[in-house]
file work-v6.cif (mmCIF, C-alpha atoms)
data_work
loop_
_atom_site.label_atom_id
_atom_site.label_comp_id
_atom_site.auth_asym_id
_atom_site.auth_seq_id
_atom_site.Cartn_x
_atom_site.Cartn_y
_atom_site.Cartn_z
CA MET B 1 2.78 20.10 -17.94
CA ALA B 2 1.08 22.74 -15.80
CA VAL B 3 1.29 22.54 -12.04
CA ALA B 4 -2.08 22.32 -10.35
CA LYS B 5 -2.69 25.09 -7.81
CA THR B 6 -4.71 22.78 -5.59
CA GLU B 7 -4.38 19.10 -4.92
CA VAL B 8 -7.21 16.64 -5.45
CA MET B 9 -7.36 13.67 -3.05
CA ALA B 10 -3.81 14.64 -1.95
CA TYR B 11 -2.42 13.78 -5.38
CA THR B 12 -0.23 16.21 -7.25
CA GLN B 13 -0.25 17.25 -10.90
CA ASN B 14 3.52 17.62 -11.09
CA ILE B 15 5.68 14.51 -10.83
CA ASP B 16 8.59 16.70 -9.67
CA GLN B 17 6.68 17.44 -6.47
CA LEU B 18 6.56 13.73 -5.66
CA LEU B 19 10.25 12.98 -6.12
CA PRO B 20 11.87 15.09 -3.35
CA ALA B 21 9.58 13.45 -0.78
CA ALA B 22 10.21 9.96 -2.11
CA PRO B 23 13.56 8.96 -0.51
CA LEU B 24 13.12 7.41 2.92
CA SER B 25 15.56 7.77 5.81
CA GLU B 26 15.91 5.63 8.91
CA ARG B 27 14.98 8.52 11.21
CA GLU B 28 11.50 8.51 9.62
CA ARG B 29 10.78 4.91 10.56
CA GLY B 30 7.66 4.64 12.67
CA PHE B 31 9.20 1.92 14.84
CA SER B 32 12.88 2.79 15.16
CA PRO B 33 15.32 0.50 16.98
CA LYS B 34 15.44 2.96 19.88
CA ARG B 35 11.67 3.03 20.16
CA LEU B 36 11.46 -0.77 19.92
CA ALA B 37 14.05 -1.10 22.68
CA ASN B 38 11.92 1.05 25.00
CA GLN B 39 8.53 -0.45 24.23
CA SER B 40 6.57 -3.01 26.23
CA GLU B 41 4.26 -4.29 23.50
CA PRO B 42 3.96 -8.09 23.92
CA LYS B 43 3.49 -8.56 20.17
CA VAL B 44 7.03 -7.30 19.56
CA LYS B 45 9.74 -9.86 20.24
CA LYS B 46 13.49 -10.05 19.76
CA ASP B 47 15.97 -12.75 18.84
CA GLU B 48 19.55 -12.83 17.57
CA ARG B 49 18.49 -11.17 14.29
CA GLY B 50 16.64 -8.29 15.90
CA TYR B 51 13.09 -7.17 16.63
CA PHE B 52 10.23 -8.93 14.91
CA ILE B 53 6.49 -9.42 15.02
CA LEU B 54 4.24 -12.34 14.13
CA THR B 55 1.78 -11.06 11.55
CA LEU B 56 -1.92 -11.31 12.32
CA SER B 57 -3.04 -12.55 8.92
CA GLU B 58 -0.33 -15.16 8.31
CA ASN B 59 1.31 -15.79 11.69
CA LEU B 60 4.69 -15.33 10.06
CA LYS B 61 7.78 -13.73 11.55
CA VAL B 62 8.58 -10.31 10.03
CA TYR B 63 11.70 -8.45 11.15
CA PHE B 64 11.31 -4.69 11.40
CA GLU B 65 14.69 -4.04 9.78
CA ASP B 66 13.91 -6.31 6.82
CA TYR B 67 10.50 -4.71 6.37
CA TYR B 68 11.79 -1.14 6.36
CA GLN B 69 14.61 -2.02 3.97
CA PHE B 70 12.01 -3.60 1.70
CA LEU B 71 9.97 -0.37 1.67
CA GLU B 72 13.11 1.69 1.02
CA MET B 73 13.90 -0.50 -1.98
CA LEU B 74 10.35 -0.14 -3.29
CA ALA B 75 10.46 3.64 -2.89
CA ALA B 76 13.67 3.81 -4.94
CA ARG B 77 12.06 1.71 -7.67
CA CYS B 78 9.01 3.98 -7.68
CA VAL B 79 11.20 7.05 -8.14
CA ALA B 80 13.00 5.42 -11.06
CA GLU B 81 9.67 4.40 -12.61
CA LEU B 82 8.22 7.92 -12.26
CA GLU B 83 11.30 9.29 -14.00
CA ARG B 84 10.83 6.84 -16.86
CA VAL B 85 7.14 7.72 -17.14
CA ARG B 86 7.92 11.43 -17.21
CA ALA B 87 10.54 11.00 -19.93
CA ALA B 88 8.16 8.87 -22.00
CA ARG B 89 5.36 11.43 -21.68
CA GLU B 90 7.62 14.28 -22.69
CA ALA B 91 8.46 12.35 -25.87
CA CYS B 92 4.75 12.10 -26.77
CA THR B 93 2.90 14.78 -28.68
CA ASP B 94 -0.61 15.80 -27.71
CA ASP B 95 -2.18 13.81 -30.53
CA HIS B 96 -0.84 10.53 -29.09
CA TYR B 97 -3.72 10.38 -26.65
CA GLU B 98 -3.64 6.58 -26.28
CA SER B 99 0.00 6.65 -25.24
CA LEU B 100 -0.60 9.58 -22.92
CA SER B 101 -3.55 7.80 -21.32
CA TYR B 102 -1.37 4.73 -20.80
CA TYR B 103 1.40 6.73 -19.13
CA ARG B 104 -1.12 8.64 -17.01
CA ALA B 105 -2.53 5.34 -15.78
CA ARG B 106 0.93 4.00 -15.07
CA ARG B 107 1.88 7.14 -13.18
CA ILE B 108 -1.29 7.00 -11.00
CA ILE B 109 -0.61 3.36 -10.10
CA VAL B 110 2.98 4.10 -9.06
CA GLU B 111 1.82 7.18 -7.18
CA VAL B 112 -0.62 5.14 -5.10
CA LEU B 113 2.18 2.73 -4.24
CA LEU B 114 4.67 5.46 -3.36
CA LYS B 115 2.26 7.36 -1.13
CA ASN B 116 1.34 4.19 0.76
CA ILE B 117 4.99 3.21 1.15
CA ARG B 118 5.63 6.52 2.92
CA SER B 119 2.46 6.17 4.99
CA PHE B 120 3.36 2.65 6.17
CA TYR B 121 7.02 3.56 6.70
CA THR B 122 6.29 6.50 8.99
CA ASP B 123 3.32 5.04 10.91
CA ARG B 124 4.20 5.16 14.62
CA HIS B 125 1.00 3.79 16.10
CA ASN B 126 -0.25 0.76 14.18
CA LEU B 127 1.73 -2.47 14.29
CA GLY B 128 -0.64 -3.77 11.64
CA VAL B 129 1.41 -1.94 9.01
CA ILE B 130 4.24 -4.43 9.58
CA MET B 131 3.55 -7.31 7.20
CA THR B 132 5.14 -9.65 4.69
CA PRO B 133 6.02 -8.33 1.21
CA TRP B 134 3.28 -10.40 -0.44
CA CYS B 135 0.68 -9.16 2.01
CA PHE B 136 1.78 -5.55 1.47
CA GLY B 137 1.55 -6.12 -2.26
CA THR B 138 -2.04 -7.32 -2.02
CA VAL B 139 -2.92 -4.28 0.12
CA ILE B 140 -1.58 -1.96 -2.58
CA LEU B 141 -3.31 -3.95 -5.32
CA GLU B 142 -6.64 -3.45 -3.58
CA LYS B 143 -5.98 0.26 -2.99
CA VAL B 144 -5.26 0.77 -6.69
CA GLU B 145 -8.41 -1.13 -7.65
CA MET B 146 -10.48 0.88 -5.19
CA LEU B 147 -9.20 4.15 -6.65
CA ARG B 148 -9.81 2.87 -10.18
CA ASP B 149 -13.40 1.96 -9.31
CA ARG B 150 -14.06 5.26 -7.55
CA ILE B 151 -12.77 7.24 -10.53
CA SER B 152 -14.83 5.15 -12.95
CA ARG B 153 -17.99 5.82 -10.90
CA GLY B 154 -17.25 9.51 -10.61
CA ASP B 155 -16.81 9.25 -6.82
CA ALA B 156 -13.20 10.46 -7.05
CA THR B 157 -11.03 12.38 -9.45
CA HIS B 158 -7.36 12.98 -10.18
CA PRO B 159 -5.68 16.06 -11.67
CA ASP B 160 -3.85 13.97 -14.26
CA LEU B 161 -6.74 12.23 -16.03
CA GLY B 162 -6.42 14.44 -19.10
CA ASP B 163 -9.12 14.80 -21.74
CA TYR B 164 -9.85 11.07 -21.92
CA PRO B 165 -10.41 9.82 -18.34
CA TYR B 166 -12.21 6.69 -19.58
CA ASP B 167 -9.04 5.59 -21.38
CA VAL B 168 -6.92 6.24 -18.28
CA VAL B 169 -9.27 4.09 -16.17
CA ARG B 170 -9.27 1.41 -18.86
CA TYR B 171 -5.48 1.27 -18.84
CA MET B 172 -5.43 1.23 -15.02
CA ASP B 173 -7.66 -1.84 -15.20
CA GLU B 174 -5.49 -3.54 -17.81
CA ILE B 175 -1.99 -2.90 -16.45
CA HIS B 176 -2.17 -2.36 -12.68
CA GLY B 177 -1.35 -5.95 -11.76
CA ARG B 178 1.58 -6.15 -14.14
CA VAL B 179 2.99 -2.76 -13.13
CA LEU B 180 2.91 -3.69 -9.44
CA MET B 181 4.40 -7.13 -10.03
CA ASP B 182 7.27 -5.53 -11.96
CA ILE B 183 8.02 -3.01 -9.22
CA PHE B 184 7.66 -5.58 -6.43
CA ASP B 185 9.48 -8.19 -8.53
CA PHE B 186 6.77 -10.68 -7.59
CA PRO B 187 5.81 -13.88 -9.41
CA PRO B 188 2.23 -13.98 -10.79
CA LYS B 189 1.11 -16.31 -8.01
CA ALA B 190 1.75 -13.58 -5.40
CA PHE B 191 -1.45 -11.73 -6.20
CA ALA B 192 -3.31 -14.98 -6.70
CA MET B 193 -2.93 -15.41 -2.92
CA ARG B 194 -5.03 -12.32 -2.25
CA TRP B 195 -8.18 -14.30 -1.46
CA GLN B 196 -6.29 -16.14 1.27
CA TYR B 197 -5.27 -12.91 2.98
CA THR B 198 -8.82 -11.58 2.74
CA GLU B 199 -10.21 -14.82 4.14
CA LEU B 200 -7.75 -14.83 7.02
CA ILE B 201 -8.61 -11.26 7.94
CA ARG B 202 -12.32 -12.08 7.74
CA ARG B 203 -11.86 -15.08 10.01
CA TYR B 204 -9.94 -13.04 12.57
CA SER B 205 -12.69 -10.42 12.45
CA ASP B 206 -15.31 -13.15 13.02
CA VAL B 207 -13.34 -14.54 15.96
CA LEU B 208 -12.98 -11.11 17.54
CA GLY B 209 -16.67 -10.48 16.98
CA ASN B 210 -17.56 -13.78 18.67
CA VAL B 211 -15.30 -12.92 21.62
CA ALA B 212 -16.99 -9.54 22.01
CA THR B 213 -20.42 -11.18 21.87
CA THR B 214 -19.43 -13.78 24.47
CA LEU B 215 -18.07 -11.10 26.81
CA GLN B 216 -21.27 -9.10 26.44
CA ASN B 217 -23.32 -12.19 27.27
CA ILE B 218 -21.23 -12.79 30.38
CA LEU B 219 -21.69 -9.18 31.49
CA ASN B 220 -25.43 -9.44 30.96
CA LEU B 221 -25.47 -12.67 33.01
CA VAL B 222 -23.51 -11.03 35.83
CA LYS B 223 -25.88 -8.07 35.81
CA SER B 224 -28.92 -10.36 35.94
CA TYR B 225 -27.55 -12.14 39.03
CA GLY B 226 -26.93 -8.81 40.67
CA GLN B 227 -30.51 -7.69 40.29
#

call {"tool": "encode", "arguments": {"input": "work-v6.cif", "output": "structure tokens"}}
result
Amino acid sequence: MAVAKTEVMAYTQNIDQLLPAAPLSERERGFSPKRLANQSEPKVKKDERGYFILTLSENLKVYFEDYYQFLEMLAARCVAELERVRAAREACTDDHYESLSYYRARRIIVEVLLKNIRSFYTDRHNLGVIMTPWCFGTVILEKVEMLRDRISRGDATHPDLGDYPYDVVRYMDEIHGRVLMDIFDFPPKAFAMRWQYTELIRRYSDVLGNVATTLQNILNLVKSYGQ
């Protein structure tokens, strides 16, 4: 498999280039214990188990240590899955285009997950990346579906679509939920909860929008009295 000289959408043609960057180490954590100990963010709290945050969408307690260990476990599973995909592809001849399209789709799905694991793991600025496993799973599910839709519309590309991109997109559509559930080790109902997360986020957005509107009205009232 030839190595692409340029990357498209920050994706790489060669699976080997993904693997060395895959393992995660504690020093890469965006919110390390030392940083948490020196912070003054009111959202971050501590009890006998360690530092935690109450998630915005679910109002559930998530411990930083548990969350980072969860991402480390997922990253290791992604590496193992990419190795399996590579071995399976190497066993296929060029005329097995259906099988190759399937493995290309599977690889792209895992790649999206792995890249987002690293992004969330190393984020030092946004506490919103700290979430429950099910919520993180729904975020990845939507990211995969967004990429699938963009590729199908021609709004995005990928260096590993091969000669039959339609078949790769078709397989992405068919298998992405199952592939992610297997890696996450989630029950089917986990992704069935996605609408609840989306609704909660929408409601919080509405509340924040109403607060902003109310504050603006108060400012306008104050200004009118001052005139």

call {"tool": "closest_residue", "arguments": {"input": "work-v6.cif", "among": "B:Asn59, B:Ser25, B:Thr138, B:Ser152", "to": "Glu72 in chain B", "atoms": "only C-alpha atoms"}}
result
B:Ser25

call {"tool": "closest_residue", "arguments": {"input": "work-v6.cif", "among": "B:Glu26, B:Thr122, B:Ala105, B:Leu74", "to": "Asp185 in chain B", "atoms": "all atoms listed in the file"}}
result
B:Leu74

call {"tool": "atom_distance", "arguments": {"input": "work-v6.cif", "atom1": "CA of Arg148 in chain B", "atom2": "CA of Val179 in chain B"}}
result
14.3 Å

call {"tool": "resolve_selection", "arguments": {"input": "work-v6.cif", "expression": "the PyMOL selection byres ((chain B and resi 49-56) around 10)", "output": "MDAnalysis selection string"}}
result
chainID B and resid 33 36:37 42:48 57:67 127:132 135 200:201 204

call {"tool": "write_last_selection", "arguments": {"input": "work-v6.cif", "atoms": "C-alpha atoms", "output": "short mmCIF file (atom, residue, chain, number, x, y, z; two decimals), in the frame of the given file"}}
result
data_model
loop_
_atom_site.label_atom_id
_atom_site.label_comp_id
_atom_site.auth_asym_id
_atom_site.auth_seq_id
_atom_site.Cartn_x
_atom_site.Cartn_y
_atom_site.Cartn_z
CA PRO B 33 15.32 0.50 16.98
CA LEU B 36 11.46 -0.77 19.92
CA ALA B 37 14.05 -1.10 22.68
CA PRO B 42 3.96 -8.09 23.92
CA LYS B 43 3.49 -8.56 20.17
CA VAL B 44 7.03 -7.30 19.56
CA LYS B 45 9.74 -9.86 20.24
CA LYS B 46 13.49 -10.05 19.76
CA ASP B 47 15.97 -12.75 18.84
CA GLU B 48 19.55 -12.83 17.57
CA SER B 57 -3.04 -12.55 8.92
CA GLU B 58 -0.33 -15.16 8.31
CA ASN B 59 1.31 -15.79 11.69
CA LEU B 60 4.69 -15.33 10.06
CA LYS B 61 7.78 -13.73 11.55
CA VAL B 62 8.58 -10.31 10.03
CA TYR B 63 11.70 -8.45 11.15
CA PHE B 64 11.31 -4.69 11.40
CA GLU B 65 14.69 -4.04 9.78
CA ASP B 66 13.91 -6.31 6.82
CA TYR B 67 10.50 -4.71 6.37
CA LEU B 127 1.73 -2.47 14.29
CA GLY B 128 -0.64 -3.77 11.64
CA VAL B 129 1.41 -1.94 9.01
CA ILE B 130 4.24 -4.43 9.58
CA MET B 131 3.55 -7.31 7.20
CA THR B 132 5.14 -9.65 4.69
CA CYS B 135 0.68 -9.16 2.01
CA LEU B 200 -7.75 -14.83 7.02
CA ILE B 201 -8.61 -11.26 7.94
CA TYR B 204 -9.94 -13.04 12.57
#

call {"tool": "resolve_selection", "arguments": {"input": "work-v6.cif", "expression": "the PyMOL selection byres ((chain B and resi 169) around 10)", "output": "mmCIF file with C-alpha atoms, keeping the file's coordinate frame"}}
result
data_model
loop_
_atom_site.group_PDB
_atom_site.id
_atom_site.type_symbol
_atom_site.label_atom_id
_atom_site.label_comp_id
_atom_site.auth_asym_id
_atom_site.auth_seq_id
_atom_site.Cartn_x
_atom_site.Cartn_y
_atom_site.Cartn_z
ATOM 1 C CA SER B 101 -3.550 7.800 -21.320
ATOM 2 C CA TYR B 102 -1.370 4.730 -20.800
ATOM 3 C CA ARG B 104 -1.120 8.640 -17.010
ATOM 4 C CA ALA B 105 -2.530 5.340 -15.780
ATOM 5 C CA ILE B 108 -1.290 7.000 -11.000
ATOM 6 C CA LEU B 147 -9.200 4.150 -6.650
ATOM 7 C CA ARG B 148 -9.810 2.870 -10.180
ATOM 8 C CA ASP B 149 -13.400 1.960 -9.310
ATOM 9 C CA ARG B 150 -14.060 5.260 -7.550
ATOM 10 C CA ILE B 151 -12.770 7.240 -10.530
ATOM 11 C CA SER B 152 -14.830 5.150 -12.950
ATOM 12 C CA LEU B 161 -6.740 12.230 -16.030
ATOM 13 C CA TYR B 164 -9.850 11.070 -21.920
ATOM 14 C CA PRO B 165 -10.410 9.820 -18.340
ATOM 15 C CA TYR B 166 -12.210 6.690 -19.580
ATOM 16 C CA ASP B 167 -9.040 5.590 -21.380
ATOM 17 C CA VAL B 168 -6.920 6.240 -18.280
ATOM 18 C CA ARG B 170 -9.270 1.410 -18.860
ATOM 19 C CA TYR B 171 -5.480 1.270 -18.840
ATOM 20 C CA MET B 172 -5.430 1.230 -15.020
ATOM 21 C CA ASP B 173 -7.660 -1.840 -15.200
ATOM 22 C CA GLU B 174 -5.490 -3.540 -17.810
#

call {"tool": "atom_distance", "arguments": {"input": "work-v6.cif", "atom1": "CA of Glu83 in chain B", "atom2": "CA of Gly30 in chain B"}}
result
27.3 Å

call {"tool": "closest_residue", "arguments": {"input": "work-v6.cif", "among": "B:Asp163, B:Ser32, B:Asn126, B:Glu111", "to": "Asp95 in chain B", "atoms": "only C-alpha atoms"}}
result
B:Asp163

call {"tool": "atom_distance", "arguments": {"input": "work-v6.cif", "atom1": "CA of Val110 in chain B", "atom2": "CA of Ile175 in chain B"}}
result
11.3 Å

call {"tool": "closest_residue", "arguments": {"input": "work-v6.cif", "among": "B:Leu180, B:Thr157, B:Tyr121, B:Arg107", "to": "Arg27 in chain B", "atoms": "all atoms listed in the file"}}
result
B:Tyr121

call {"tool": "residues_near_point", "arguments": {"input": "work-v6.cif", "point": "(1.6, -10.6, -2.1)", "cutoff": "10 Å", "atoms": "all atoms listed in the file", "output": "ChimeraX atom specification"}}
result
/B:132-141,181,184,186-194,197
